[in-house]
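Engineer: I am sharing upload.cif, which consists of mmCIF, C-alpha atoms:
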```cif
data_protein
#
loop_
_atom_site.group_PDB
_atom_site.id
_atom_site.type_symbol
_atom_site.label_atom_id
_atom_site.label_comp_id
_atom_site.auth_asym_id
_atom_site.auth_seq_id
_atom_site.Cartn_x
_atom_site.Cartn_y
_atom_site.Cartn_z
ATOM 1 C CA MET T 288 24.252 9.403 -67.175
ATOM 2 C CA SER T 289 24.529 6.686 -69.699
ATOM 3 C CA GLY T 290 22.004 5.989 -72.352
ATOM 4 C CA LYS T 291 19.778 3.960 -70.006
ATOM 5 C CA ALA T 292 16.714 5.615 -68.528
ATOM 6 C CA CYS T 293 16.965 6.586 -64.851
ATOM 7 C CA LYS T 294 14.893 4.229 -62.680
ATOM 8 C CA ASN T 295 12.728 5.652 -59.905
ATOM 9 C CA ALA T 296 14.761 5.172 -56.711
ATOM 10 C CA GLY T 297 11.647 4.904 -54.441
ATOM 11 C CA TYR T 298 10.221 1.853 -52.664
ATOM 12 C CA THR T 299 7.534 -0.354 -54.076
ATOM 13 C CA LEU T 300 4.210 -0.824 -52.340
ATOM 14 C CA MET T 301 5.119 -4.429 -51.558
ATOM 15 C CA GLU T 302 8.359 -3.382 -49.853
ATOM 16 C CA MET T 303 6.486 -0.849 -47.720
ATOM 17 C CA ILE T 304 3.884 -3.447 -46.674
ATOM 18 C CA VAL T 305 6.635 -5.882 -45.628
ATOM 19 C CA VAL T 306 8.423 -3.214 -43.554
ATOM 20 C CA VAL T 307 5.197 -2.127 -41.818
ATOM 21 C CA ALA T 308 4.289 -5.769 -41.102
ATOM 22 C CA LEU T 309 7.720 -6.445 -39.598
ATOM 23 C CA LEU T 310 7.450 -3.342 -37.401
ATOM 24 C CA ALA T 311 3.976 -4.394 -36.219
ATOM 25 C CA VAL T 312 5.211 -7.879 -35.283
ATOM 26 C CA GLY T 313 8.186 -6.404 -33.439
ATOM 27 C CA LEU T 314 6.024 -3.982 -31.467
ATOM 28 C CA ALA T 315 3.567 -6.752 -30.581
ATOM 29 C CA ILE T 316 6.396 -8.911 -29.218
ATOM 30 C CA VAL T 317 7.791 -6.032 -27.152
ATOM 31 C CA GLY T 318 4.305 -5.195 -25.842
ATOM 32 C CA MET T 319 3.663 -8.788 -24.780
ATOM 33 C CA SER T 320 7.071 -8.985 -23.126
ATOM 34 C CA VAL T 321 6.437 -5.854 -21.051
ATOM 35 C CA SER T 322 2.968 -7.121 -20.091
ATOM 36 C CA THR T 323 4.421 -10.497 -19.115
ATOM 37 C CA ILE T 324 7.097 -8.884 -16.948
ATOM 38 C CA PHE T 325 4.519 -6.794 -15.055
ATOM 39 C CA SER T 326 2.253 -9.815 -14.699
ATOM 40 C CA LEU T 327 5.100 -11.925 -13.307
ATOM 41 C CA GLU T 328 5.973 -9.225 -10.769
ATOM 42 C CA MET T 329 2.325 -9.034 -9.685
ATOM 43 C CA LYS T 330 2.075 -12.830 -9.369
ATOM 44 C CA GLN T 331 5.267 -12.881 -7.284
ATOM 45 C CA CYS T 332 3.825 -10.196 -4.980
ATOM 46 C CA VAL T 333 0.617 -12.221 -4.535
ATOM 47 C CA LYS T 334 2.661 -15.351 -3.816
ATOM 48 C CA GLU T 335 4.775 -13.590 -1.187
ATOM 49 C CA VAL T 336 1.828 -11.921 0.569
ATOM 50 C CA ALA T 337 -0.182 -15.170 0.608
ATOM 51 C CA GLY T 338 2.832 -17.118 1.855
ATOM 52 C CA GLU T 339 3.338 -14.646 4.662
ATOM 53 C CA LEU T 340 -0.339 -14.829 5.639
ATOM 54 C CA GLY T 341 0.050 -18.593 6.071
ATOM 55 C CA LYS T 342 3.238 -18.221 8.112
ATOM 56 C CA GLN T 343 1.684 -15.537 10.323
ATOM 57 C CA LYS T 344 -1.345 -17.700 11.063
ATOM 58 C CA VAL T 345 0.828 -20.647 12.131
ATOM 59 C CA ALA T 346 3.082 -18.373 14.186
ATOM 60 C CA ALA T 347 0.104 -16.746 15.918
ATOM 61 C CA MET T 348 -1.253 -20.124 16.993
ATOM 62 C CA THR T 349 2.074 -21.623 18.109
ATOM 63 C CA ARG T 350 3.985 -18.733 19.705
ATOM 64 C CA SER T 351 3.383 -17.413 23.184
ATOM 65 C CA GLY T 352 3.013 -13.735 22.267
ATOM 66 C CA GLU T 353 1.185 -11.711 19.646
ATOM 67 C CA VAL T 354 2.316 -12.087 16.040
ATOM 68 C CA TYR T 355 1.207 -9.669 13.331
ATOM 69 C CA MET T 356 2.259 -8.132 10.033
ATOM 70 C CA ARG T 357 1.973 -4.719 8.400
ATOM 71 C CA LEU T 358 1.669 -4.355 4.633
ATOM 72 C CA TYR T 359 2.324 -0.853 3.278
ATOM 73 C CA GLU T 360 3.412 1.241 0.309
ATOM 74 C CA SER T 361 6.610 3.244 0.483
ATOM 75 C CA ASP T 362 9.282 4.580 -1.886
ATOM 76 C CA GLY T 363 7.566 3.231 -4.972
ATOM 77 C CA GLY T 364 7.095 -0.303 -3.700
ATOM 78 C CA ILE T 365 5.029 -2.606 -1.513
ATOM 79 C CA TYR T 366 6.686 -3.651 1.751
ATOM 80 C CA LEU T 367 6.029 -5.982 4.649
ATOM 81 C CA ASP T 368 7.026 -5.725 8.330
ATOM 82 C CA LYS T 369 6.667 -8.650 10.742
ATOM 83 C CA TYR T 370 6.335 -8.364 14.517
ATOM 84 C CA GLU T 371 6.349 -10.687 17.483
ATOM 85 C CA ASN T 372 5.556 -9.383 20.977
ATOM 86 C CA ASP T 373 5.787 -5.801 19.672
ATOM 87 C CA VAL T 374 9.335 -6.412 18.475
ATOM 88 C CA PRO T 375 10.057 -6.202 14.755
ATOM 89 C CA THR T 376 11.375 -9.534 13.490
ATOM 90 C CA GLU T 377 11.729 -8.374 9.879
ATOM 91 C CA GLN T 378 11.204 -4.911 8.469
ATOM 92 C CA GLY T 379 11.126 -3.472 4.999
ATOM 93 C CA VAL T 380 10.774 -6.749 3.123
ATOM 94 C CA LYS T 381 9.977 -5.647 -0.431
ATOM 95 C CA VAL T 382 7.170 -7.754 -1.920
ATOM 96 C CA GLY T 383 6.234 -5.562 -4.900
ATOM 97 C CA GLY T 384 7.733 -2.904 -7.137
ATOM 98 C CA ALA T 385 6.585 0.499 -8.319
ATOM 99 C CA LYS T 386 4.187 -0.917 -10.912
ATOM 100 C CA ILE T 387 2.253 -2.880 -8.253
ATOM 101 C CA SER T 388 -0.741 -1.448 -6.423
ATOM 102 C CA VAL T 389 -2.687 -3.002 -3.558
ATOM 103 C CA THR T 390 -6.259 -2.144 -2.615
ATOM 104 C CA TRP T 391 -7.845 -3.505 0.556
ATOM 105 C CA TYR T 392 -11.495 -4.057 1.348
ATOM 106 C CA SER T 393 -13.508 -4.640 4.505
ATOM 107 C CA GLY T 394 -17.130 -5.709 4.926
ATOM 108 C CA SER T 395 -18.602 -2.253 4.247
ATOM 109 C CA ASN T 396 -15.674 -0.858 2.257
ATOM 110 C CA THR T 397 -17.114 -1.719 -1.149
ATOM 111 C CA ALA T 398 -15.047 0.810 -3.125
ATOM 112 C CA GLY T 399 -11.733 -0.332 -1.687
ATOM 113 C CA THR T 400 -8.938 1.711 -0.157
ATOM 114 C CA PRO T 401 -5.518 1.944 -1.798
ATOM 115 C CA LEU T 402 -2.655 0.818 0.369
ATOM 116 C CA GLY T 403 -0.749 3.868 1.586
ATOM 117 C CA PRO T 404 2.275 4.583 3.766
ATOM 118 C CA ASP T 405 0.340 3.623 6.918
ATOM 119 C CA GLY T 406 -0.733 0.384 5.271
ATOM 120 C CA ILE T 407 -2.769 -2.303 6.958
ATOM 121 C CA VAL T 408 -2.073 -4.523 9.944
ATOM 122 C CA ILE T 409 -3.173 -8.153 9.828
ATOM 123 C CA ALA T 410 -3.248 -10.442 12.858
ATOM 124 C CA PHE T 411 -4.747 -13.804 13.770
ATOM 125 C CA ASN T 412 -6.438 -15.017 16.954
ATOM 126 C CA LYS T 413 -4.329 -17.469 18.933
ATOM 127 C CA ASN T 414 -7.100 -19.867 19.928
ATOM 128 C CA ASN T 415 -8.623 -20.672 16.520
ATOM 129 C CA GLY T 416 -6.530 -18.964 13.812
ATOM 130 C CA SER T 417 -9.306 -16.631 12.700
ATOM 131 C CA PHE T 418 -8.476 -13.103 11.600
ATOM 132 C CA LYS T 419 -8.620 -10.348 14.197
ATOM 133 C CA LYS T 420 -10.829 -7.353 13.542
ATOM 134 C CA ILE T 421 -9.129 -4.386 11.914
ATOM 135 C CA GLY T 422 -9.187 -2.383 15.164
ATOM 136 C CA GLN T 423 -7.727 -5.275 17.178
ATOM 137 C CA ALA T 424 -4.922 -5.792 14.686
ATOM 138 C CA TRP T 425 -4.100 -2.087 14.555
ATOM 139 C CA ALA T 426 -4.056 -1.874 18.366
ATOM 140 C CA LEU T 427 -1.152 -4.350 18.355
ATOM 141 C CA TYR T 428 0.865 -2.060 16.090
ATOM 142 C CA ASP T 429 -0.292 1.341 17.320
ATOM 143 C CA SER T 430 -1.959 1.865 20.697
ATOM 144 C CA LEU T 431 -4.271 4.450 19.143
ATOM 145 C CA GLY T 432 -5.640 1.773 16.838
ATOM 146 C CA SER T 433 -7.519 2.444 13.641
ATOM 147 C CA PRO T 434 -10.857 4.202 14.156
ATOM 148 C CA MET T 435 -11.986 3.646 10.552
ATOM 149 C CA TYR T 436 -13.505 0.183 10.019
ATOM 150 C CA ALA T 437 -12.244 -0.824 13.499
ATOM 151 C CA ALA T 438 -15.143 -3.220 14.173
ATOM 152 C CA GLU T 439 -14.867 -4.898 10.770
ATOM 153 C CA TYR T 440 -12.604 -7.485 9.189
ATOM 154 C CA TYR T 441 -10.475 -7.265 6.068
ATOM 155 C CA SER T 442 -12.373 -9.110 3.338
ATOM 156 C CA LYS T 443 -9.920 -9.043 0.447
ATOM 157 C CA LEU T 444 -6.725 -7.647 -0.988
ATOM 158 C CA VAL T 445 -6.576 -6.842 -4.703
ATOM 159 C CA ILE T 446 -3.073 -6.721 -6.155
ATOM 160 C CA GLN T 447 -2.786 -5.088 -9.588
ATOM 161 C CA SER T 448 -0.193 -4.358 -12.216
ATOM 162 C CA GLY T 449 -1.061 -2.904 -15.589
ATOM 163 C CA GLY T 450 -4.303 -4.407 -16.771
ATOM 164 C CA SER T 451 -4.163 -7.598 -14.713
ATOM 165 C CA SER T 452 -4.987 -8.283 -11.087
ATOM 166 C CA ARG T 453 -5.254 -11.039 -8.514
ATOM 167 C CA THR T 454 -7.488 -11.113 -5.455
ATOM 168 C CA ILE T 455 -6.641 -12.640 -2.096
ATOM 169 C CA ALA T 456 -10.032 -13.303 -0.486
ATOM 170 C CA LEU T 457 -9.931 -13.460 3.329
ATOM 171 C CA TRP T 458 -12.440 -15.419 5.437
ATOM 172 C CA PRO T 459 -12.509 -13.829 8.899
ATOM 173 C CA ASP T 460 -14.120 -16.724 10.797
ATOM 174 C CA THR T 461 -11.525 -19.290 9.786
ATOM 175 C CA GLY T 462 -8.429 -17.269 8.939
ATOM 176 C CA LYS T 463 -8.324 -18.966 5.550
ATOM 177 C CA PHE T 464 -7.669 -17.185 2.279
ATOM 178 C CA SER T 465 -7.738 -17.984 -1.414
ATOM 179 C CA ILE T 466 -6.239 -16.446 -4.528
ATOM 180 C CA SER T 467 -8.292 -15.780 -7.650
ATOM 181 C CA SER T 468 -7.685 -13.865 -10.852
#
```
What would you get if you wrote out this structure as structure tokens?

Structural biologist:
Amino acid sequence: MSGKACKNAGYTLMEMIVVVALLAVGLAIVGMSVSTIFSLEMKQCVKEVAGELGKQKVAAMTRSGEVYMRLYESDGGIYLDKYENDVPTEQGVKVGGAKISVTWYSGSNTAGTPLGPDGIVIAFNKNNGSFKKIGQAWALYDSLGSPMYAAEYYSKLVIQSGGSSRTIALWPDTGKFSISS
């Protein structure tokens, strides 16, 4: 070494604070981006399910046969099948990814039931566009029907991803629905 004293080669407190602050800002941006992506996927799922409910109601009132849809979970996603006169018109339409969960409720089902591989079947009455009872809708899809909650109506669907959710409220008497956060 030369005659100069050796300087400490460490970092100053100010340099450490700047580095930690930059890391915190970077992590916050990444966290918000991930949250936004999941939220967008959930909103898209809600939009697609609500859009299909509207189409199914119109189809039920204007077509000659029975029109219904089945919403279910399979292979890490949420899917939709559409039927007319017991014939599938579209099957396996993916409306939500693996990070999406759907819970359905009926009048007495206050805790909610997660959507599973059997899913739910939704149908409308031809004469006035109101929702059919759960048992009536299931009987269109499966002749055995659904014994659980058969005499009730679906009251809402809650679609979640991460910490956010949207609710599609269903009004049985009119066949109308609304979306709320």

Engineer: How far is it from atom CA of T:Gln343 to atom CA of T:Gly449, in Å with one decimal?

Structural biologist: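 Separation of atom CA of T:Gln343 and atom CA of T:Gly449: 29.0 Å.
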
Engineer: Would you write out, as a ChimeraX atom specification, every residue that the PyMOL selection byres ((chain T and resi 392) around 7) captures in this file?

Structural biologist: /T:390-391,393-394,396-397,399-400,441-444

Engineer: When you look at T:Leu340 with a cut-off of 10 Å (counting only C-alpha atoms), what residues show up, excluding the ones that are within fewer than 2 positions of it in the same chain? I need them as a PyMOL selection string.

Structural biologist: chain T and resi 334-338+342-346+355-356+409-411+457+462-464

Engineer: How would the residues just chosen look if you wrote them out with C-alpha atoms as a short mmCIF file (atom, residue, chain, number, x, y, z; two decimals), in the coordinates of the input?

Structural biologist:
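Output contents, as saved in out.cif:
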```
data_model
loop_
_atom_site.label_atom_id
_atom_site.label_comp_id
_atom_site.auth_asym_id
_atom_site.auth_seq_id
_atom_site.Cartn_x
_atom_site.Cartn_y
_atom_site.Cartn_z
CA LYS T 334 2.66 -15.35 -3.82
CA GLU T 335 4.78 -13.59 -1.19
CA VAL T 336 1.83 -11.92 0.57
CA ALA T 337 -0.18 -15.17 0.61
CA GLY T 338 2.83 -17.12 1.86
CA LYS T 342 3.24 -18.22 8.11
CA GLN T 343 1.68 -15.54 10.32
CA LYS T 344 -1.34 -17.70 11.06
CA VAL T 345 0.83 -20.65 12.13
CA ALA T 346 3.08 -18.37 14.19
CA TYR T 355 1.21 -9.67 13.33
CA MET T 356 2.26 -8.13 10.03
CA ILE T 409 -3.17 -8.15 9.83
CA ALA T 410 -3.25 -10.44 12.86
CA PHE T 411 -4.75 -13.80 13.77
CA LEU T 457 -9.93 -13.46 3.33
CA GLY T 462 -8.43 -17.27 8.94
CA LYS T 463 -8.32 -18.97 5.55
CA PHE T 464 -7.67 -17.18 2.28
#
```

Engineer: For atom CA of T:Glu360 and atom CA of T:Gly416, determine how far apart the two atoms are, in Å to one decimal place.

Structural biologist: 26.3 Å

Engineer: Please compute the atom CA of T:Asp429-atom CA of T:Gly363 distance, one decimal, in Å.

Structural biologist: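 Straight-line distance from atom CA of T:Asp429 to atom CA of T:Gly363 works out to 23.7 Å.
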
Engineer: Translate the PyMOL selection byres ((chain T and resi 364-374) around 9) into a concrete residue list for this structure, as a ChimeraX atom specification.

Structural biologist: /T:332,336,343,346-347,350-363,375-389,402,427-428

Engineer: Please produce an output containing C-alpha atoms for each residue in the selection, written as a short mmCIF file (atom, residue, chain, number, x, y, z; two decimals), keeping the file's coordinate frame.

Structural biologist:
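Here's the written file part-v7.cif:
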```cif
data_model
loop_
_atom_site.label_atom_id
_atom_site.label_comp_id
_atom_site.auth_asym_id
_atom_site.auth_seq_id
_atom_site.Cartn_x
_atom_site.Cartn_y
_atom_site.Cartn_z
CA CYS T 332 3.82 -10.20 -4.98
CA VAL T 336 1.83 -11.92 0.57
CA GLN T 343 1.68 -15.54 10.32
CA ALA T 346 3.08 -18.37 14.19
CA ALA T 347 0.10 -16.75 15.92
CA ARG T 350 3.98 -18.73 19.70
CA SER T 351 3.38 -17.41 23.18
CA GLY T 352 3.01 -13.74 22.27
CA GLU T 353 1.18 -11.71 19.65
CA VAL T 354 2.32 -12.09 16.04
CA TYR T 355 1.21 -9.67 13.33
CA MET T 356 2.26 -8.13 10.03
CA ARG T 357 1.97 -4.72 8.40
CA LEU T 358 1.67 -4.36 4.63
CA TYR T 359 2.32 -0.85 3.28
CA GLU T 360 3.41 1.24 0.31
CA SER T 361 6.61 3.24 0.48
CA ASP T 362 9.28 4.58 -1.89
CA GLY T 363 7.57 3.23 -4.97
CA PRO T 375 10.06 -6.20 14.76
CA THR T 376 11.38 -9.53 13.49
CA GLU T 377 11.73 -8.37 9.88
CA GLN T 378 11.20 -4.91 8.47
CA GLY T 379 11.13 -3.47 5.00
CA VAL T 380 10.77 -6.75 3.12
CA LYS T 381 9.98 -5.65 -0.43
CA VAL T 382 7.17 -7.75 -1.92
CA GLY T 383 6.23 -5.56 -4.90
CA GLY T 384 7.73 -2.90 -7.14
CA ALA T 385 6.58 0.50 -8.32
CA LYS T 386 4.19 -0.92 -10.91
CA ILE T 387 2.25 -2.88 -8.25
CA SER T 388 -0.74 -1.45 -6.42
CA VAL T 389 -2.69 -3.00 -3.56
CA LEU T 402 -2.66 0.82 0.37
CA LEU T 427 -1.15 -4.35 18.36
CA TYR T 428 0.86 -2.06 16.09
#
```

Engineer: What would the list of residues within 9 Å of (-13.9, 0.4, 10.0) (file frame) look like as a list in words, if only C-alpha atoms are what count?

Structural biologist: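 The residues near that point, listed by chain and number, are Ser393, Gly394, Ser395, Asn396, Ile421, Gly422, Ser433, Pro434, Met435, Tyr436, Ala437, Ala438, Glu439 and Tyr440 of chain T.
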
Engineer: Write out as a PDB file with C-alpha atoms, in the frame of the given file which residues come within 8 Å of T:Ser465 when counting only C-alpha atoms, dropping same-chain ones fewer than 5 positions away.

Structural biologist:
```pdb
ATOM      1  CA  THR T 454      -7.488 -11.113  -5.455  1.00  0.00           C
ATOM      2  CA  ILE T 455      -6.641 -12.640  -2.096  1.00  0.00           C
ATOM      3  CA  ALA T 456     -10.032 -13.303  -0.486  1.00  0.00           C
ATOM      4  CA  LEU T 457      -9.931 -13.460   3.329  1.00  0.00           C
TER       5      LEU T 457
END
```

Engineer: Quick one: of T:Glu328, T:Ile304, T:Gln423, T:Ser417, who's nearest to T:Met348, counting all atoms listed in the file?

Structural biologist: T:Ser417

Engineer: Adding 8 Å on each side of the box along x, y and z that holds all listed atoms of stretch 387-392 of chain T, could you give its centre and edge lengths in Å to one decimal, as JSON?

Structural biologist:
```
{"center_x": -4.6, "center_y": -2.8, "center_z": -3.5, "size_x": 29.7, "size_y": 18.6, "size_z": 25.6}
```

Engineer: Kindly indicate which residue among T:Leu431, T:Gly406, T:Gly313, T:Phe418 lies nearest to T:Pro459, using all atoms listed in the file for the distances.

Structural biologist: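 Using all atoms listed in the file, the shortest distance to T:Pro459 belongs to T:Phe418.
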
Engineer: Please return stretch 403-424 of chain T, rebuilt to N, CA and C atoms, as an mmCIF file, in the coordinates of the input.

Structural biologist:
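The file below, rebuild-v2.cif, is the result:
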```cif
data_model
loop_
_atom_site.group_PDB
_atom_site.id
_atom_site.type_symbol
_atom_site.label_atom_id
_atom_site.label_comp_id
_atom_site.auth_asym_id
_atom_site.auth_seq_id
_atom_site.Cartn_x
_atom_site.Cartn_y
_atom_site.Cartn_z
ATOM 1 N N GLY T 403 -1.546 2.652 1.499
ATOM 2 C CA GLY T 403 -0.749 3.868 1.586
ATOM 3 C C GLY T 403 0.449 3.645 2.488
ATOM 4 N N PRO T 404 1.095 4.714 2.906
ATOM 5 C CA PRO T 404 2.275 4.583 3.766
ATOM 6 C C PRO T 404 1.951 4.019 5.149
ATOM 7 N N ASP T 405 0.725 4.224 5.640
ATOM 8 C CA ASP T 405 0.340 3.623 6.918
ATOM 9 C C ASP T 405 0.064 2.143 6.733
ATOM 10 N N GLY T 406 -0.489 1.786 5.592
ATOM 11 C CA GLY T 406 -0.733 0.384 5.271
ATOM 12 C C GLY T 406 -1.865 -0.226 6.069
ATOM 13 N N ILE T 407 -1.797 -1.540 6.181
ATOM 14 C CA ILE T 407 -2.769 -2.303 6.958
ATOM 15 C C ILE T 407 -2.014 -3.236 7.888
ATOM 16 N N VAL T 408 -2.657 -3.580 8.990
ATOM 17 C CA VAL T 408 -2.073 -4.523 9.944
ATOM 18 C C VAL T 408 -2.990 -5.735 9.993
ATOM 19 N N ILE T 409 -2.409 -6.907 9.829
ATOM 20 C CA ILE T 409 -3.173 -8.153 9.828
ATOM 21 C C ILE T 409 -2.661 -9.027 10.961
ATOM 22 N N ALA T 410 -3.602 -9.558 11.739
ATOM 23 C CA ALA T 410 -3.248 -10.442 12.858
ATOM 24 C C ALA T 410 -4.287 -11.549 12.965
ATOM 25 N N PHE T 411 -3.880 -12.641 13.593
ATOM 26 C CA PHE T 411 -4.747 -13.804 13.770
ATOM 27 C C PHE T 411 -4.990 -14.046 15.253
ATOM 28 N N ASN T 412 -6.137 -14.624 15.583
ATOM 29 C CA ASN T 412 -6.438 -15.017 16.954
ATOM 30 C C ASN T 412 -5.681 -16.295 17.291
ATOM 31 N N LYS T 413 -5.140 -16.334 18.499
ATOM 32 C CA LYS T 413 -4.329 -17.469 18.933
ATOM 33 C C LYS T 413 -5.132 -18.758 19.080
ATOM 34 N N ASN T 414 -6.351 -18.656 19.576
ATOM 35 C CA ASN T 414 -7.100 -19.867 19.928
ATOM 36 C C ASN T 414 -7.632 -20.645 18.723
ATOM 37 N N ASN T 415 -8.038 -19.945 17.647
ATOM 38 C CA ASN T 415 -8.623 -20.672 16.520
ATOM 39 C C ASN T 415 -8.068 -20.284 15.148
ATOM 40 N N GLY T 416 -7.138 -19.354 15.084
ATOM 41 C CA GLY T 416 -6.530 -18.964 13.812
ATOM 42 C C GLY T 416 -7.367 -18.045 12.954
ATOM 43 N N SER T 417 -8.482 -17.560 13.481
ATOM 44 C CA SER T 417 -9.306 -16.631 12.700
ATOM 45 C C SER T 417 -8.618 -15.260 12.654
ATOM 46 N N PHE T 418 -9.035 -14.453 11.690
ATOM 47 C CA PHE T 418 -8.476 -13.103 11.600
ATOM 48 C C PHE T 418 -9.007 -12.247 12.737
ATOM 49 N N LYS T 419 -8.163 -11.345 13.230
ATOM 50 C CA LYS T 419 -8.620 -10.348 14.197
ATOM 51 C C LYS T 419 -9.302 -9.223 13.437
ATOM 52 N N LYS T 420 -10.192 -8.525 14.135
ATOM 53 C CA LYS T 420 -10.829 -7.353 13.542
ATOM 54 C C LYS T 420 -9.759 -6.305 13.233
ATOM 55 N N ILE T 421 -10.089 -5.419 12.325
ATOM 56 C CA ILE T 421 -9.129 -4.386 11.914
ATOM 57 C C ILE T 421 -8.648 -3.578 13.114
ATOM 58 N N GLY T 422 -9.564 -3.162 13.984
ATOM 59 C CA GLY T 422 -9.187 -2.383 15.164
ATOM 60 C C GLY T 422 -8.288 -3.152 16.123
ATOM 61 N N GLN T 423 -8.556 -4.446 16.301
ATOM 62 C CA GLN T 423 -7.727 -5.275 17.178
ATOM 63 C C GLN T 423 -6.315 -5.430 16.614
ATOM 64 N N ALA T 424 -6.235 -5.635 15.318
ATOM 65 C CA ALA T 424 -4.922 -5.792 14.686
ATOM 66 C C ALA T 424 -4.126 -4.494 14.780
#
```
